[in-house]
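Colleague: Hey, dropping data-v6.tsv in here, TSV, N, CA and C atoms:
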```
chain	number	residue	atom	x	y	z
A	33	LYS	N	5.25	9.24	19.56
A	33	LYS	CA	3.97	8.71	19.14
A	33	LYS	C	2.89	9.79	19.05
A	34	PRO	N	2.83	10.75	19.98
A	34	PRO	CA	1.80	11.79	19.86
A	34	PRO	C	1.91	12.57	18.54
A	35	ARG	N	3.13	12.78	18.06
A	35	ARG	CA	3.31	13.51	16.80
A	35	ARG	C	2.71	12.72	15.63
A	36	LEU	N	2.89	11.43	15.65
A	36	LEU	CA	2.34	10.58	14.60
A	36	LEU	C	0.81	10.60	14.63
A	37	LEU	N	0.24	10.50	15.81
A	37	LEU	CA	-1.22	10.54	15.92
A	37	LEU	C	-1.77	11.89	15.48
A	38	THR	N	-1.05	12.96	15.80
A	38	THR	CA	-1.47	14.30	15.36
A	38	THR	C	-1.46	14.38	13.84
A	39	TYR	N	-0.44	13.80	13.23
A	39	TYR	CA	-0.35	13.78	11.77
A	39	TYR	C	-1.58	13.10	11.17
A	40	TYR	N	-1.92	11.93	11.68
A	40	TYR	CA	-3.07	11.20	11.13
A	40	TYR	C	-4.38	11.92	11.41
A	41	GLU	N	-4.49	12.55	12.54
A	41	GLU	CA	-5.70	13.33	12.85
A	41	GLU	C	-5.89	14.42	11.80
A	42	LYS	N	-4.81	15.13	11.49
A	42	LYS	CA	-4.90	16.21	10.51
A	42	LYS	C	-5.09	15.67	9.10
A	43	ARG	N	-4.38	14.61	8.77
A	43	ARG	CA	-4.43	14.06	7.40
A	43	ARG	C	-5.80	13.48	7.08
A	44	TYR	N	-6.39	12.79	8.02
A	44	TYR	CA	-7.66	12.10	7.76
A	44	TYR	C	-8.84	12.71	8.50
A	45	CYS	N	-8.68	13.91	9.00
A	45	CYS	CA	-9.76	14.63	9.70
A	45	CYS	C	-10.38	13.78	10.81
A	46	GLY	N	-9.55	13.06	11.54
A	46	GLY	CA	-10.03	12.25	12.65
A	46	GLY	C	-10.63	10.93	12.24
A	47	LYS	N	-10.54	10.58	10.96
A	47	LYS	CA	-11.16	9.35	10.45
A	47	LYS	C	-10.12	8.31	10.08
A	48	TYR	N	-9.06	8.24	10.84
A	48	TYR	CA	-8.02	7.24	10.61
A	48	TYR	C	-8.56	5.86	10.95
A	49	PHE	N	-8.24	4.87	10.15
A	49	PHE	CA	-8.68	3.51	10.42
A	49	PHE	C	-7.56	2.54	10.10
A	50	GLU	N	-7.65	1.36	10.63
A	50	GLU	CA	-6.66	0.31	10.40
A	50	GLU	C	-7.10	-0.50	9.19
A	51	GLU	N	-6.49	-0.21	8.04
A	51	GLU	CA	-6.91	-0.83	6.78
A	51	GLU	C	-6.81	-2.35	6.82
A	52	ASP	N	-5.71	-2.88	7.37
A	52	ASP	CA	-5.54	-4.34	7.41
A	52	ASP	C	-6.64	-5.02	8.22
A	53	ALA	N	-7.05	-4.39	9.31
A	53	ALA	CA	-8.11	-4.97	10.14
A	53	ALA	C	-9.44	-4.99	9.39
A	54	LEU	N	-9.73	-3.91	8.68
A	54	LEU	CA	-10.97	-3.86	7.90
A	54	LEU	C	-10.96	-4.88	6.77
A	55	LEU	N	-9.85	-4.97	6.06
A	55	LEU	CA	-9.76	-5.91	4.94
A	55	LEU	C	-9.83	-7.36	5.39
A	56	SER	N	-9.34	-7.64	6.58
A	56	SER	CA	-9.34	-9.03	7.06
A	56	SER	C	-10.75	-9.56	7.29
A	57	ASP	N	-11.72	-8.66	7.44
A	57	ASP	CA	-13.11	-9.07	7.65
A	57	ASP	C	-13.86	-9.34	6.34
A	58	LEU	N	-13.24	-9.05	5.20
A	58	LEU	CA	-13.90	-9.20	3.91
A	58	LEU	C	-13.56	-10.54	3.27
A	59	ASN	N	-14.43	-11.00	2.37
A	59	ASN	CA	-14.10	-12.21	1.63
A	59	ASN	C	-13.01	-11.89	0.61
A	60	ASP	N	-12.33	-12.90	0.11
A	60	ASP	CA	-11.17	-12.71	-0.76
A	60	ASP	C	-11.49	-11.93	-2.03
A	61	SER	N	-12.64	-12.19	-2.62
A	61	SER	CA	-13.02	-11.52	-3.86
A	61	SER	C	-13.20	-10.02	-3.65
A	62	LEU	N	-13.93	-9.65	-2.62
A	62	LEU	CA	-14.17	-8.24	-2.33
A	62	LEU	C	-12.88	-7.54	-1.91
A	63	LYS	N	-12.07	-8.23	-1.12
A	63	LYS	CA	-10.78	-7.67	-0.69
A	63	LYS	C	-9.90	-7.37	-1.91
A	64	ALA	N	-9.82	-8.32	-2.84
A	64	ALA	CA	-9.01	-8.13	-4.05
A	64	ALA	C	-9.53	-6.96	-4.88
A	65	GLU	N	-10.84	-6.85	-4.98
A	65	GLU	CA	-11.44	-5.76	-5.76
A	65	GLU	C	-11.11	-4.39	-5.15
A	66	ILE	N	-11.19	-4.28	-3.84
A	66	ILE	CA	-10.89	-3.03	-3.16
A	66	ILE	C	-9.41	-2.69	-3.29
A	67	LEU	N	-8.55	-3.68	-3.06
A	67	LEU	CA	-7.11	-3.44	-3.17
A	67	LEU	C	-6.73	-3.00	-4.59
A	68	LEU	N	-7.31	-3.64	-5.57
A	68	LEU	CA	-7.01	-3.29	-6.96
A	68	LEU	C	-7.51	-1.88	-7.28
A	69	GLN	N	-8.68	-1.54	-6.80
A	69	GLN	CA	-9.22	-0.20	-7.03
A	69	GLN	C	-8.31	0.86	-6.42
A	70	ASN	N	-7.78	0.59	-5.23
A	70	ASN	CA	-6.93	1.55	-4.53
A	70	ASN	C	-5.53	1.67	-5.12
A	71	THR	N	-5.08	0.67	-5.85
A	71	THR	CA	-3.69	0.67	-6.31
A	71	THR	C	-3.51	0.58	-7.83
A	72	ARG	N	-4.57	0.46	-8.57
A	72	ARG	CA	-4.47	0.27	-10.03
A	72	ARG	C	-3.62	1.35	-10.69
A	73	LYS	N	-3.87	2.61	-10.36
A	73	LYS	CA	-3.13	3.71	-10.98
A	73	LYS	C	-1.64	3.62	-10.67
A	74	LEU	N	-1.31	3.29	-9.44
A	74	LEU	CA	0.09	3.14	-9.05
A	74	LEU	C	0.75	2.00	-9.82
A	75	ILE	N	0.08	0.87	-9.90
A	75	ILE	CA	0.63	-0.29	-10.61
A	75	ILE	C	0.85	0.03	-12.09
A	76	MET	N	-0.09	0.73	-12.69
A	76	MET	CA	0.02	1.05	-14.12
A	76	MET	C	1.13	2.06	-14.41
A	77	ASN	N	1.58	2.79	-13.39
A	77	ASN	CA	2.66	3.76	-13.57
A	77	ASN	C	4.05	3.14	-13.41
A	78	VAL	N	4.12	1.87	-13.09
A	78	VAL	CA	5.41	1.18	-12.94
A	78	VAL	C	5.58	0.27	-14.16
A	79	PRO	N	6.48	0.63	-15.07
A	79	PRO	CA	6.59	-0.10	-16.34
A	79	PRO	C	6.75	-1.61	-16.21
A	80	PHE	N	7.59	-2.09	-15.30
A	80	PHE	CA	7.81	-3.53	-15.24
A	80	PHE	C	6.66	-4.29	-14.57
A	81	LEU	N	5.67	-3.59	-14.03
A	81	LEU	CA	4.50	-4.25	-13.46
A	81	LEU	C	3.34	-4.34	-14.45
A	82	LYS	N	3.46	-3.66	-15.56
A	82	LYS	CA	2.39	-3.68	-16.56
A	82	LYS	C	2.32	-5.05	-17.22
A	83	ARG	N	1.12	-5.55	-17.35
A	83	ARG	CA	0.90	-6.82	-18.06
A	83	ARG	C	-0.34	-6.62	-18.91
A	84	ASN	N	-0.17	-6.63	-20.19
A	84	ASN	CA	-1.30	-6.41	-21.09
A	84	ASN	C	-1.24	-7.45	-22.21
A	85	VAL	N	-1.32	-8.70	-21.82
A	85	VAL	CA	-1.22	-9.80	-22.77
A	85	VAL	C	-2.57	-10.08	-23.42
A	86	GLY	N	-3.65	-9.80	-22.69
A	86	GLY	CA	-4.99	-10.02	-23.23
A	86	GLY	C	-5.45	-11.46	-23.18
A	87	ASP	N	-4.84	-12.25	-22.30
A	87	ASP	CA	-5.21	-13.67	-22.21
A	87	ASP	C	-6.19	-13.94	-21.07
A	88	GLY	N	-6.76	-12.87	-20.49
A	88	GLY	CA	-7.72	-13.05	-19.41
A	88	GLY	C	-7.09	-13.09	-18.03
A	89	ARG	N	-5.76	-13.10	-17.97
A	89	ARG	CA	-5.10	-13.17	-16.67
A	89	ARG	C	-4.50	-11.84	-16.23
A	90	ASP	N	-4.69	-10.78	-17.02
A	90	ASP	CA	-4.13	-9.48	-16.68
A	90	ASP	C	-4.67	-8.97	-15.35
A	91	GLU	N	-5.98	-9.08	-15.14
A	91	GLU	CA	-6.59	-8.62	-13.89
A	91	GLU	C	-6.12	-9.48	-12.71
A	92	LEU	N	-5.96	-10.76	-12.92
A	92	LEU	CA	-5.46	-11.64	-11.87
A	92	LEU	C	-4.06	-11.23	-11.45
A	93	PHE	N	-3.21	-10.96	-12.42
A	93	PHE	CA	-1.84	-10.52	-12.14
A	93	PHE	C	-1.85	-9.21	-11.35
A	94	MET	N	-2.64	-8.24	-11.81
A	94	MET	CA	-2.70	-6.96	-11.10
A	94	MET	C	-3.29	-7.12	-9.71
A	95	GLY	N	-4.23	-8.01	-9.55
A	95	GLY	CA	-4.81	-8.28	-8.23
A	95	GLY	C	-3.78	-8.84	-7.26
A	96	ARG	N	-2.92	-9.71	-7.76
A	96	ARG	CA	-1.86	-10.27	-6.90
A	96	ARG	C	-0.86	-9.20	-6.50
A	97	ILE	N	-0.50	-8.34	-7.44
A	97	ILE	CA	0.40	-7.23	-7.12
A	97	ILE	C	-0.26	-6.32	-6.09
A	98	ALA	N	-1.52	-5.98	-6.30
A	98	ALA	CA	-2.25	-5.10	-5.38
A	98	ALA	C	-2.28	-5.69	-3.97
A	99	GLY	N	-2.44	-7.00	-3.86
A	99	GLY	CA	-2.48	-7.65	-2.55
A	99	GLY	C	-1.15	-7.64	-1.84
A	100	ALA	N	-0.07	-7.49	-2.59
A	100	ALA	CA	1.26	-7.49	-1.99
A	100	ALA	C	1.71	-6.09	-1.55
A	101	LEU	N	1.01	-5.06	-2.00
A	101	LEU	CA	1.40	-3.69	-1.66
A	101	LEU	C	0.87	-3.31	-0.28
A	102	HIS	N	1.62	-2.47	0.41
A	102	HIS	CA	1.21	-1.95	1.71
A	102	HIS	C	1.37	-0.44	1.71
A	103	SER	N	0.40	0.24	2.26
A	103	SER	CA	0.41	1.69	2.31
A	103	SER	C	1.38	2.18	3.38
A	104	ILE	N	2.19	3.16	3.00
A	104	ILE	CA	3.12	3.78	3.94
A	104	ILE	C	3.02	5.28	3.76
A	105	ASN	N	2.86	6.00	4.86
A	105	ASN	CA	2.82	7.46	4.83
A	105	ASN	C	4.04	8.00	5.55
A	106	PHE	N	4.63	9.02	4.98
A	106	PHE	CA	5.82	9.62	5.58
A	106	PHE	C	5.49	11.01	6.08
A	107	ILE	N	6.10	11.37	7.18
A	107	ILE	CA	5.91	12.68	7.77
A	107	ILE	C	7.11	13.54	7.39
A	108	PRO	N	6.88	14.72	6.80
A	108	PRO	CA	8.00	15.58	6.43
A	108	PRO	C	8.88	15.90	7.64
A	109	GLY	N	10.19	15.82	7.43
A	109	GLY	CA	11.14	16.16	8.49
A	109	GLY	C	11.52	15.01	9.39
A	110	ILE	N	10.92	13.85	9.21
A	110	ILE	CA	11.24	12.70	10.05
A	110	ILE	C	11.91	11.64	9.19
A	111	THR	N	13.06	11.16	9.65
A	111	THR	CA	13.78	10.11	8.92
A	111	THR	C	13.21	8.77	9.32
A	112	SER	N	12.73	8.02	8.34
A	112	SER	CA	12.16	6.72	8.65
A	112	SER	C	13.22	5.64	8.70
A	113	ARG	N	14.25	5.78	7.89
A	113	ARG	CA	15.38	4.85	7.90
A	113	ARG	C	16.63	5.63	7.58
A	114	SER	N	17.64	5.40	8.34
A	114	SER	CA	18.90	6.07	8.06
A	114	SER	C	19.81	5.13	7.30
A	115	LYS	N	20.86	5.66	6.72
A	115	LYS	CA	21.81	4.85	5.98
A	115	LYS	C	22.41	3.78	6.89
A	116	GLU	N	22.68	4.14	8.15
A	116	GLU	CA	23.26	3.19	9.10
A	116	GLU	C	22.32	2.01	9.32
A	117	THR	N	21.04	2.28	9.44
A	117	THR	CA	20.06	1.21	9.63
A	117	THR	C	20.05	0.28	8.43
A	118	LEU	N	20.07	0.86	7.24
A	118	LEU	CA	20.08	0.04	6.02
A	118	LEU	C	21.35	-0.79	5.92
A	119	ASP	N	22.49	-0.20	6.27
A	119	ASP	CA	23.75	-0.94	6.23
A	119	ASP	C	23.72	-2.13	7.17
A	120	GLN	N	23.13	-1.95	8.35
A	120	GLN	CA	23.07	-3.03	9.34
A	120	GLN	C	22.15	-4.16	8.88
A	121	THR	N	21.05	-3.81	8.22
A	121	THR	CA	20.11	-4.85	7.81
A	121	THR	C	20.56	-5.59	6.56
A	122	CYS	N	21.48	-5.01	5.82
A	122	CYS	CA	21.94	-5.62	4.57
A	122	CYS	C	23.19	-6.48	4.75
A	123	THR	N	23.72	-6.56	5.94
A	123	THR	CA	24.94	-7.36	6.14
A	123	THR	C	24.62	-8.72	6.66
```
Would you give me this structure, written as structure tokens?
Modeller:
Amino acid sequence: KPRLLTYYEKRYCGKYFEEDALLSDLNDSLKAEILLQNTRKLIMNVPFLKRNVGDGRDELFMGRIAGALHSINFIPGITSRSKETLDQTCT
């Protein structure tokens, strides 16, 4: 655990925060706007997530996708999941 905290200290210059806790205090509209702003570029880079029908629901679709995404950071040199772990969870 100390190694993980050190990583976040260096990565965020001591300004690490719990995103889920902050978002839970916001109203749904503002939360959706922030999530979409943070993930729009990522969503647009995934071909099967693109929706450009022009019927007024494109932003709603992207907002739902943005709300389902969760941020994950990986530390170089540390295995987050091994093949054995994946094999056990898939059986």
Colleague: May I ask which of the residues A:Tyr44, A:Glu51, A:Leu37, A:Arg72 is the closest one to His102 (chain A), counting only C-alpha atoms?
Modeller: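 So, comparing all the options, the nearest one is A:Glu51.
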Colleague: So, counting only C-alpha atoms, which residue among A:Thr71, A:Glu50, A:Ser56, A:Leu36 is closest to Ala100 (chain A)?
Modeller: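 Result for the nearest residue to Ala100 (chain A): A:Thr71.
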Colleague: So that I can see what lies close to Met94 (chain A), please list as a PyMOL selection string the residues with an atom at most 6.5 Å from it, counting all atoms listed in the file and leaving out residues fewer than 5 positions away in the same chain.
Modeller: chain A and resi 68+89+99
Colleague: Using only C-alpha atoms, which of the listed residues (A:Phe93, A:Leu67, A:Lys73, A:Leu101) sits closest to Leu55 (chain A)?
Modeller: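 Closest candidate: A:Leu67.
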Colleague: Can you list, as a ChimeraX atom specification, all residues belonging to region 53-99 of chain A that DSSP tags as alpha helix (DSSP H)?
Modeller: /A:53-56,60-76,90-99
Colleague: Find, counting all atoms listed in the file, the residue in A:Ala64, A:Asn70, A:Ala53, A:Glu41 that gets nearest to Gly95 (chain A).
Modeller: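 Ranking A:Ala64, A:Asn70, A:Ala53, A:Glu41 by distance to Gly95 (chain A), first place goes to A:Ala64.
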Colleague: I need the residue nearest Ala98 (chain A) from this list: A:Ile110, A:Val78, A:Val85, A:Ile66. Use only C-alpha atoms for the distance.
Modeller: A:Ile66
Colleague: Smallest atom-to-atom distance to Asp90 (chain A): which of A:Tyr40, A:Met76, A:Pro34, A:Gly109, using only C-alpha atoms?
Modeller: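 Closest residue, counting only C-alpha atoms: A:Met76.
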